[in-house]
Number of protein chains: 2
Amino acid sequence: MIKGVLLDLSGTLYQGQEPISGALAAVERLSAAGLPLRYVTNTSRTPSHTVLKKLQRLGFPIDRDQLFTAPRAVYEFLCERELHPYLLIHPELEVEFADLPSGEPDAVVVADAAEAFSYANLNRAFRLLLEGAPLVAVGDNRYFRGENGMNLDAGPFIRALEYAAGCKAQFLGKPDPAFFHAAMAGFGCGANEVLMVGDDVSADVNGALEAGLQGALVKTGKYRDGDQESLAGEAWVCSDIRHVVDRILE
Amino acid sequence: MIKGVLLDLSGTLYQGQEPISGALAAVERLSAAGLPLRYVTNTSRTPSHTVLKKLQRLGFPIDRDQLFTAPRAVYEFLCERELHPYLLIHPELEVEFADLPSGEPDAVVVADAAEAFSYANLNRAFRLLLEGAPLVAVGDNRYFRGENGMNLDAGPFIRALEYAAGCKAQFLGKPDPAFFHAAMAGFGCGANEVLMVGDDVSADVNGALEAGLQGALVKTGKYRDGDQESLAGEAWVCSDIRHVVDRILE
């Protein structure tokens with residue numbers, strides 16, 4: 001019995017600029033059934049308000065409160081601890097943190113920063129870490145395919161800073177269990193009654209299982225034949241979000 | 001009975017621009033005694049010919065053949081395998097590799113590159129590694145003190161590339177056993193008859209012990225009280241190079 005649902009975005013609800021076939025109607029049905037619902041993503045370059053606008057433009061029934069992103073989790077982490085971040089992030093993401101109170105940096109936030117991963121910026125982050133600033137990271141991917149070939153993602157630079165300063169990064173985002181628990185805050189049910197739906201067997205599904213949620217792997221987006229063999233426990237395997245919703249509402 | 005000697009440079013023979021007290025006379029005595037002798041260093045920014053000139057200017061009795069540097073070991077590694085390197089190194093060191101035949105890069109060489117550790121350059125290196133190019137590294141230090149504070153050394157960037165490409169770097173330099181063995185080539189004696197003298201308990205002395213040489217730790221340069229407690233085996237501990245030579249010639 002599923003009493004709440006977490007939905008991954010890219011590859012599960014849309015691909016590029018198009019909704020995945022049947023996804024709009026499926027999410028509408030879920031929404032109409034009154035199940036608490038949140039959209040969760042590790043987006044590392046796009047601020048929350050842009051993600052929200054995209055989902056609305058594509059036609060998904062989403063309120064602002066239903067979107068939970070890794071950068072937003074970092075924002076809340078910083079607010080709660082009254083930390084002032086040095087941001088080693090993509091310029092497009094900076095707006096996410098624009099209304100934090102200013103002050104001498106006492107935390108380092110690393111996301112996929114692309115060209116902003118310069119020697120000078122990495123040194124600045126490193127010196128703060130040496131002084132004891134916490135290292136907070138969005139995502140830990142190794143690389144991604146860009147227009148001009150493979151590009152280094154945040155993971156390698158996080159490894160570099162950890163090695164240099166002798167510290168460990170705190171990851172906020174899938175597959176961190178705390179991220180799933182924060183995403184289902186207010187659902188009013190147990191973790192084992194919440195289903196996380198996604199196309200990434202590791203970050204989405206195994207992460208959710210690890211956090212005590214249920215998981216559904218969809219065969220869209222980045223799914224590749226045989227991915228379900230990497231499942232860390234019992235999970236749903238469905239051709240797409242439409243079939244996941246069919247099964248939830250059965 | 002010592003039949004050959006390897007000498008570390010900075011902190012053992014000189015400090016900054018000054019010979020360490022008694023070092024010149026000590027090396028002269030060693031030289032006059034006819035013991036085969038080589039000067040070994042992991043220098044990561046300075047080409048061999050500049051190191052040679054500095055030693056000669058300071059008054060040390062050194063021929064070109066007696067100098068063995070990590071960048072030179074990389075040069076020889078590349079020549080033997082007919083590899084064309086992509087150089088992620090400091091601009092000042094580029095001259096060391098200037099006479100290698102040109103060609104499409106099929107190896108990556110990483111040393112302390114400072115500002116040359118840009119996102120674009122790291123991506124270029126990463127893509128070569130994905131294609132199977134070997135990763136050859138000079139030094140693995142975490143950081144060093146520069147004029148404007150602590151700076152990231154080559155080590156963190158090597159970790160980043162290893163993590164991204166799923167490969168392991170091959171280190172040429174102290175404390176790699178192969179480096180010590182190459183440095184004593186032509187000595188005509190066994191490794192256990194060769195003494196490595198240095199101020200770095202880890203790279204110089206423990207590295208030498210690991211390679212089957214004898215080791216002498218001097219209490220000059222970067223030596224700190226208690227460093228001898230980190231010795232990995234039996235080694236000499238002497239106040240300076242003068243006392244090491246006294247003991248060799250006893």
# chains A, B, ... in the order shown; residues from 1 in each chain; ligands from 1
>>> interface_residues(of="chain B", to="chain A", cutoff="6 Å", atoms="only C-alpha atoms", output="JSON list (two decimals) with N, CA and C atoms, in the first residue's frame")
[["chain", "number", "residue", "atom", "x", "y", "z"],
["B", 115, "GLU", "N", 48.39, 27.15, -12.05],
["B", 115, "GLU", "CA", 47.27, 27.73, -12.82],
["B", 115, "GLU", "C", 46.90, 26.89, -14.04],
["B", 117, "PHE", "N", 46.22, 23.94, -14.05],
["B", 117, "PHE", "CA", 45.14, 23.03, -13.68],
["B", 117, "PHE", "C", 43.81, 23.73, -13.90],
["B", 118, "SER", "N", 43.47, 23.93, -15.16],
["B", 118, "SER", "CA", 42.18, 24.56, -15.49],
["B", 118, "SER", "C", 41.18, 23.47, -15.84],
["B", 119, "TYR", "N", 39.91, 23.83, -15.86],
["B", 119, "TYR", "CA", 38.87, 22.85, -16.19],
["B", 119, "TYR", "C", 39.08, 22.32, -17.60],
["B", 123, "ASN", "N", 39.94, 18.45, -18.44],
["B", 123, "ASN", "CA", 39.06, 17.69, -19.33],
["B", 123, "ASN", "C", 39.84, 17.04, -20.46],
["B", 142, "ARG", "N", 50.11, 16.74, -1.37],
["B", 142, "ARG", "CA", 48.77, 17.29, -1.24],
["B", 142, "ARG", "C", 48.76, 18.79, -1.47],
["B", 151, "ASN", "N", 48.57, 26.10, -1.16],
["B", 151, "ASN", "CA", 48.15, 25.85, -2.53],
["B", 151, "ASN", "C", 48.08, 24.35, -2.79],
["B", 156, "PRO", "N", 46.09, 16.12, -5.32],
["B", 156, "PRO", "CA", 44.62, 16.18, -5.43],
["B", 156, "PRO", "C", 44.13, 16.07, -6.87],
["B", 157, "PHE", "N", 44.85, 16.62, -7.81],
["B", 157, "PHE", "CA", 44.41, 16.56, -9.21],
["B", 157, "PHE", "C", 44.63, 15.16, -9.79],
["B", 159, "ARG", "N", 44.32, 12.47, -7.89],
["B", 159, "ARG", "CA", 43.16, 11.74, -7.34],
["B", 159, "ARG", "C", 41.92, 12.00, -8.18],
["B", 160, "ALA", "N", 41.73, 13.27, -8.59],
["B", 160, "ALA", "CA", 40.54, 13.64, -9.36],
["B", 160, "ALA", "C", 40.52, 12.87, -10.69],
["B", 163, "TYR", "N", 39.93, 9.10, -10.18],
["B", 163, "TYR", "CA", 38.53, 8.82, -9.83],
["B", 163, "TYR", "C", 37.65, 8.95, -11.07],
["B", 164, "ALA", "N", 37.88, 9.99, -11.86],
["B", 164, "ALA", "CA", 37.03, 10.24, -13.04],
["B", 164, "ALA", "C", 37.19, 9.13, -14.07]]
>>> residues_around(residues="Ser239 of chain B", least_positions_apart="2", cutoff="12 Å", atoms="only C-alpha atoms", output="list in words")
Thr12, Ile20, Ser21, Gly22, Ala23, Val197, Gly198, Asp199, Ala216, Leu217, Val218, Lys219, Thr220, Gly221, Tyr223, Arg224, Asp225, Gln228, Trp236, Val237, Ile241, Arg242, His243, Val244, Val245, Asp246 and Arg247 of chain B
>>> select_by_dssp(residues="segment 170-202 of chain B", states="helix (DSSP H, G or I)", output="number ranges by chain")
B: 177-183, 191-193, 201-202
>>> write_last_selection(atoms="C-alpha atoms", output="PDB file, in the first residue's frame")
ATOM      1  CA  PRO B 177      61.210   1.859  -5.608  1.00  0.00           C
ATOM      2  CA  ALA B 178      61.807   1.854  -9.383  1.00  0.00           C
ATOM      3  CA  PHE B 179      62.973   5.461  -9.142  1.00  0.00           C
ATOM      4  CA  PHE B 180      65.654   4.607  -6.564  1.00  0.00           C
ATOM      5  CA  HIS B 181      66.794   1.638  -8.628  1.00  0.00           C
ATOM      6  CA  ALA B 182      67.038   3.770 -11.776  1.00  0.00           C
ATOM      7  CA  ALA B 183      68.950   6.439  -9.859  1.00  0.00           C
ATOM      8  CA  ALA B 191      70.938  -1.868  -3.457  1.00  0.00           C
ATOM      9  CA  ASN B 192      71.751  -2.762   0.154  1.00  0.00           C
ATOM     10  CA  GLU B 193      75.183  -1.129  -0.279  1.00  0.00           C
ATOM     11  CA  VAL B 201      61.412  10.563   6.396  1.00  0.00           C
ATOM     12  CA  SER B 202      58.716   9.299   4.074  1.00  0.00           C
TER      13      SER B 202
END
>>> residues_around(residues="Ile62 of chain A", least_positions_apart="5", cutoff="12 Å", atoms="only C-alpha atoms", output="list of chain:residue names")
A:Leu7, A:Leu24, A:Val27, A:Glu28, A:Leu30, A:Ser31, A:Pro36, A:Leu37, A:Arg38, A:Tyr39, A:Val40, A:His49, A:Val51, A:Leu52, A:Lys53, A:Lys54, A:Leu55, A:Gln56, A:Arg57, A:Leu67, A:Phe68
>>> write_last_selection(atoms="N, CA and C atoms", output="mmCIF file, in the first residue's frame")
data_model
loop_
_atom_site.group_PDB
_atom_site.id
_atom_site.type_symbol
_atom_site.label_atom_id
_atom_site.label_comp_id
_atom_site.auth_asym_id
_atom_site.auth_seq_id
_atom_site.Cartn_x
_atom_site.Cartn_y
_atom_site.Cartn_z
ATOM 1 N N LEU A 7 8.921 11.518 -7.107
ATOM 2 C CA LEU A 7 9.155 11.340 -8.544
ATOM 3 C C LEU A 7 10.466 11.980 -8.979
ATOM 4 N N LEU A 24 2.272 12.862 -18.413
ATOM 5 C CA LEU A 24 1.391 13.930 -17.937
ATOM 6 C C LEU A 24 0.107 13.350 -17.355
ATOM 7 N N VAL A 27 0.694 11.434 -13.997
ATOM 8 C CA VAL A 27 0.891 12.263 -12.803
ATOM 9 C C VAL A 27 -0.418 12.961 -12.424
ATOM 10 N N GLU A 28 -1.214 13.329 -13.431
ATOM 11 C CA GLU A 28 -2.544 13.903 -13.150
ATOM 12 C C GLU A 28 -3.394 12.923 -12.335
ATOM 13 N N LEU A 30 -2.391 10.489 -10.424
ATOM 14 C CA LEU A 30 -1.794 10.350 -9.091
ATOM 15 C C LEU A 30 -2.227 11.521 -8.217
ATOM 16 N N SER A 31 -2.160 12.693 -8.806
ATOM 17 C CA SER A 31 -2.501 13.927 -8.111
ATOM 18 C C SER A 31 -3.988 13.916 -7.733
ATOM 19 N N PRO A 36 0.006 12.247 -1.440
ATOM 20 C CA PRO A 36 1.068 13.257 -1.347
ATOM 21 C C PRO A 36 2.211 12.904 -2.300
ATOM 22 N N LEU A 37 2.738 13.946 -2.900
ATOM 23 C CA LEU A 37 3.609 13.781 -4.056
ATOM 24 C C LEU A 37 4.714 14.838 -3.988
ATOM 25 N N ARG A 38 5.957 14.423 -4.233
ATOM 26 C CA ARG A 38 7.010 15.428 -4.408
ATOM 27 C C ARG A 38 7.908 15.048 -5.574
ATOM 28 N N TYR A 39 8.398 16.085 -6.227
ATOM 29 C CA TYR A 39 9.301 15.945 -7.361
ATOM 30 C C TYR A 39 10.721 16.164 -6.830
ATOM 31 N N VAL A 40 11.585 15.180 -7.004
ATOM 32 C CA VAL A 40 12.928 15.290 -6.419
ATOM 33 C C VAL A 40 14.000 15.170 -7.500
ATOM 34 N N HIS A 49 13.698 27.461 -9.156
ATOM 35 C CA HIS A 49 12.584 28.153 -9.809
ATOM 36 C C HIS A 49 12.557 27.868 -11.311
ATOM 37 N N VAL A 51 13.551 24.935 -12.628
ATOM 38 C CA VAL A 51 13.026 23.571 -12.711
ATOM 39 C C VAL A 51 11.499 23.612 -12.594
ATOM 40 N N LEU A 52 11.023 24.403 -11.635
ATOM 41 C CA LEU A 52 9.575 24.526 -11.417
ATOM 42 C C LEU A 52 8.875 25.024 -12.672
ATOM 43 N N LYS A 53 9.427 26.079 -13.270
ATOM 44 C CA LYS A 53 8.816 26.645 -14.482
ATOM 45 C C LYS A 53 8.795 25.634 -15.619
ATOM 46 N N LYS A 54 9.862 24.875 -15.734
ATOM 47 C CA LYS A 54 9.906 23.880 -16.808
ATOM 48 C C LYS A 54 8.805 22.849 -16.629
ATOM 49 N N LEU A 55 8.650 22.341 -15.405
ATOM 50 C CA LEU A 55 7.617 21.329 -15.142
ATOM 51 C C LEU A 55 6.231 21.890 -15.424
ATOM 52 N N GLN A 56 6.017 23.155 -15.026
ATOM 53 C CA GLN A 56 4.702 23.771 -15.258
ATOM 54 C C GLN A 56 4.466 23.982 -16.747
ATOM 55 N N ARG A 57 5.517 24.410 -17.448
ATOM 56 C CA ARG A 57 5.385 24.649 -18.882
ATOM 57 C C ARG A 57 5.059 23.340 -19.626
ATOM 58 N N LEU A 67 8.337 20.685 -5.026
ATOM 59 C CA LEU A 67 9.640 20.469 -5.659
ATOM 60 C C LEU A 67 10.727 20.411 -4.594
ATOM 61 N N PHE A 68 11.539 19.377 -4.633
ATOM 62 C CA PHE A 68 12.625 19.241 -3.664
ATOM 63 C C PHE A 68 13.916 18.936 -4.425
#
>>> select_by_dssp(residues="segment 1-243 of chain A", states="strand (DSSP E or B)", output="number ranges by chain")
A: 4-8, 10, 14-15, 18-19, 37-41, 67-69, 85-88, 107-110, 135-137, 143-146, 149-152, 170-171, 194-198, 214-218, 236-238
>>> atom_distance(atom1="atom CA of Ser48 of chain A", atom2="atom CA of Leu13 of chain A")
16.3 Å
>>> closest_residue(among="A:Leu213, A:Cys238, A:Val108, A:Ala232", to="Lys3 of chain A", atoms="only C-alpha atoms")
A:Leu213
>>> residues_around(residues="Ala169 of chain A", least_positions_apart="6", cutoff="7 Å", atoms="only C-alpha atoms", output="PyMOL selection string")
chain A and resi 135-137+162
>>> residues_around(residues="Asn42 of chain B", least_positions_apart="6", cutoff="6 Å", atoms="only C-alpha atoms", output="ChimeraX atom specification")
/B:69-70,173
>>> atom_distance(atom1="atom CA of Pro85 of chain B", atom2="atom CA of Asp200 of chain B")
29.5 Å
>>> closest_residue(among="B:Lys168, B:Asn121, B:Pro47, B:Cys189", to="Ala98 of chain B", atoms="only C-alpha atoms")
B:Pro47
>>> closest_residue(among="A:Leu195, A:Arg29, A:Gln17, A:Ser10", to="Leu249 of chain A", atoms="only C-alpha atoms")
A:Arg29
